[in-house]
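Visitor: Below is the structure I would like to discuss, written out as structure tokens.
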Amino acid sequence: MLITLPILGISVATLGTLVGLGGGFILVPILLVIFPDATASTISSISLTVVFLNATSATIGNYKARIIDFKTTGLLAIGAIPAAAVGAILSQSIARSTFDLSMGMMLVLGSIYVVWRGYRASTLAETPTIYPNRIITERSGKIHRFYVNPITSVGLSPLSGFISSFFGIGGGVINVPVMTFILRMPSRVIAPTAMLLLVLTSSSSLITRILTDQYQEGFVPAALLGAGALIGAQFGVYLSSRVNQKLVLVLLAISMALVGLRQIILGL
């Protein structure tokens with residue numbers, strides 16, 4: 001475990017940062033296999049620690065590149081942070097079998113979305129808006145002008161905060177499609193902004209779990225996985241503009257669907 005878990009942390013964080021969905025959606029099903037006797041609360045607590053460290057490391061790199069939409073992050077955080085705390089509290093009461101079934105369904109649905117995103121999002125062209133309320137200038141000099149509806153942002157955020165905390169998967173699987181298809185943000189800005197939001201929501205959830213004594217059992221695995229995640233996130237930031245993301249998304253979707261079906265069978 002001293003070697004396996006850090007390597008796993010590197011791999012999960014690299015892939016999670018690369019596709020902009022966070023590492024939790026990849027890590028939780030792996031943890032369910034590695035720790036078959038652990039409680040649902042322990043599994044989600046371990047995963048959220050890795051999500052937090054992964055997102056923090058990635059955000060540092062994204063901040064240097066100047067591609068984070070801080071205003072939209074603030075709007076989304078208004079509802080997501082308290083919802084994450086509620087999700088952490090309620091996760092204590094869910095049985096492992098119910099968690100397996102629910103997680104399996106989430107993975108199958110998520111795999112469908114990942115494939116759809118790989119083909120649909122690439123067809124969405126970034127078009128200038130007449131009344132932009134966001135201007136993001138990257139360090140490279142590229143400028144993104146777009147409009148974000150503040151009311152829509154605040155209204156949609158609690159769902160991602162709750163689910164990310166309750167299942168320990170991070171909110172990328174919800175935040176990214178919301179930013180893409182509803183808020184219509186530029187694709188280059190979405191993943192960095194989603195990562196910063198993950199820092200805030202995972203912090204809220206972890207603090208709540210510590211205060212409610214959910215965190216003690218999974219501290220060592222979380223530390224080992226987290227050490228790898230700090231490194232893997234930087235790999236993900238580096239590779240994000242150098243690999244075929246569509247191929248990565250398809251392979252990820254296949255893996256998610258297979259693991260999801262396994263979890264559904266275990267939960268029945």
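Order determines the names: the first chain of the structure tokens is A, the second B, and so forth; residues in each chain are numbered 1 upward, and ligands are numbered 1 upward as they are shown.
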Show me, as a Markdown table, the residues of stretch 99-199 of chain A having an atom within 10 Å of stretch 231-243 of chain A, each with the closest atom pair and its distance in Å, using only C-alpha atoms.
Guide:
```
| residue | atom | partner | partner_atom | distance |
| --- | --- | --- | --- | --- |
| A:Arg188 | CA | A:Ser241 | CA | 9.8 |
| A:Ala191 | CA | A:Ser240 | CA | 10.0 |
| A:Pro192 | CA | A:Val237 | CA | 9.3 |
```
Visitor: If we count only C-alpha atoms and set the cut-off at 10 Å, which residues sit around A:Val28, ignoring sequence neighbours fewer than 5 positions away in its own chain? Please answer as a PyMOL selection string.
Guide: chain A and resi 23+33-34+40+43-48+103+107+167-169
Visitor: Out of stretch 72-214 of chain A, which residues get alpha helix (DSSP H) from DSSP, as a ChimeraX atom specification?
Guide: /A:72-90,96-120,150-167,172-177,187-211
Visitor: If we count only C-alpha atoms, what is near stretch 5-12 of chain A at a cut-off of 8 Å, once residues fewer than 4 positions away on the same chain are taken out, given as a list in words?
Guide: Met1, Gly16, Gly23, Ile26, Leu27, Val50, Pro221, Leu224, Leu225, Gly226, Ala227, Gly228, Ala229, Leu230, Ile231, Gly232 and Ala233 of chain A
Visitor: Store the residues of this selection in a file with C-alpha atoms, as a PDB file, in the first residue's frame.
Guide:
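Writing done, so here's out_32.pdb:
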```
ATOM      1  CA  MET A   1       0.000   0.000   0.000  1.00  0.00           C
ATOM      2  CA  GLY A  16      -9.155  13.708 -13.421  1.00  0.00           C
ATOM      3  CA  GLY A  23     -10.481  12.490  -9.552  1.00  0.00           C
ATOM      4  CA  ILE A  26     -12.584   7.671 -10.946  1.00  0.00           C
ATOM      5  CA  LEU A  27     -11.293   6.937  -7.454  1.00  0.00           C
ATOM      6  CA  VAL A  50      -7.714  13.268  -2.812  1.00  0.00           C
ATOM      7  CA  PRO A 221      -4.975   5.786   2.870  1.00  0.00           C
ATOM      8  CA  LEU A 224      -0.893   8.214   0.719  1.00  0.00           C
ATOM      9  CA  LEU A 225      -3.329   8.798  -2.135  1.00  0.00           C
ATOM     10  CA  GLY A 226      -3.198  12.549  -1.577  1.00  0.00           C
ATOM     11  CA  ALA A 227       0.582  12.650  -1.837  1.00  0.00           C
ATOM     12  CA  GLY A 228       0.317  11.135  -5.297  1.00  0.00           C
ATOM     13  CA  ALA A 229      -2.549  13.445  -6.254  1.00  0.00           C
ATOM     14  CA  LEU A 230      -0.426  16.545  -5.660  1.00  0.00           C
ATOM     15  CA  ILE A 231       1.991  15.310  -8.317  1.00  0.00           C
ATOM     16  CA  GLY A 232      -0.594  13.887 -10.708  1.00  0.00           C
ATOM     17  CA  ALA A 233      -2.560  17.127 -10.911  1.00  0.00           C
TER      18      ALA A 233
END
```
Visitor: One number please: atom CA of A:Ala80 to atom CA of A:Ser255, in Å, one decimal.
Guide: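 Computing it gives 28.2 Å between the two atoms.
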Visitor: Mind listing the strand (DSSP E or B) residues of stretch 14-253 of chain A, per DSSP on the backbone, as an mmCIF file with N, CA and C atoms, in the first residue's frame?
Guide:
```cif
data_model
loop_
_atom_site.group_PDB
_atom_site.id
_atom_site.type_symbol
_atom_site.label_atom_id
_atom_site.label_comp_id
_atom_site.auth_asym_id
_atom_site.auth_seq_id
_atom_site.Cartn_x
_atom_site.Cartn_y
_atom_site.Cartn_z
ATOM 1 N N ARG A 134 -17.857 38.852 -18.429
ATOM 2 C CA ARG A 134 -16.614 38.185 -18.054
ATOM 3 C C ARG A 134 -15.579 38.434 -19.158
ATOM 4 N N ILE A 135 -14.389 38.823 -18.748
ATOM 5 C CA ILE A 135 -13.260 38.954 -19.668
ATOM 6 C C ILE A 135 -12.063 38.264 -19.013
ATOM 7 N N ILE A 136 -11.662 37.128 -19.568
ATOM 8 C CA ILE A 136 -10.536 36.367 -19.043
ATOM 9 C C ILE A 136 -9.384 36.460 -20.030
ATOM 10 N N THR A 137 -8.254 36.977 -19.576
ATOM 11 C CA THR A 137 -7.070 37.091 -20.423
ATOM 12 C C THR A 137 -6.008 36.116 -19.935
ATOM 13 N N ILE A 143 -7.791 35.990 -25.255
ATOM 14 C CA ILE A 143 -8.842 36.658 -24.486
ATOM 15 C C ILE A 143 -10.171 35.937 -24.692
ATOM 16 N N HIS A 144 -10.898 35.704 -23.593
ATOM 17 C CA HIS A 144 -12.219 35.079 -23.641
ATOM 18 C C HIS A 144 -13.234 36.090 -23.113
ATOM 19 N N ARG A 145 -14.224 36.440 -23.949
ATOM 20 C CA ARG A 145 -15.298 37.331 -23.532
ATOM 21 C C ARG A 145 -16.607 36.553 -23.586
ATOM 22 N N PHE A 146 -17.345 36.539 -22.468
ATOM 23 C CA PHE A 146 -18.576 35.767 -22.430
ATOM 24 C C PHE A 146 -19.494 36.301 -21.339
#
```
Visitor: Determine, counting only C-alpha atoms, which protein, DNA and RNA residues have an atom within 10 Å of an atom of A:Ile112; residues of the same chain fewer than 6 positions away are not included. Present the result as an mmCIF file with C-alpha atoms, in the first residue's frame.
Guide:
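File produced: part.cif:
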```cif
data_model
loop_
_atom_site.group_PDB
_atom_site.id
_atom_site.type_symbol
_atom_site.label_atom_id
_atom_site.label_comp_id
_atom_site.auth_asym_id
_atom_site.auth_seq_id
_atom_site.Cartn_x
_atom_site.Cartn_y
_atom_site.Cartn_z
ATOM 1 C CA VAL A 250 -14.170 7.344 -24.481
ATOM 2 C CA ALA A 253 -16.507 6.114 -20.164
ATOM 3 C CA ILE A 254 -16.028 2.410 -20.947
ATOM 4 C CA MET A 256 -16.879 3.774 -15.714
ATOM 5 C CA ALA A 257 -19.707 1.781 -17.294
#
```
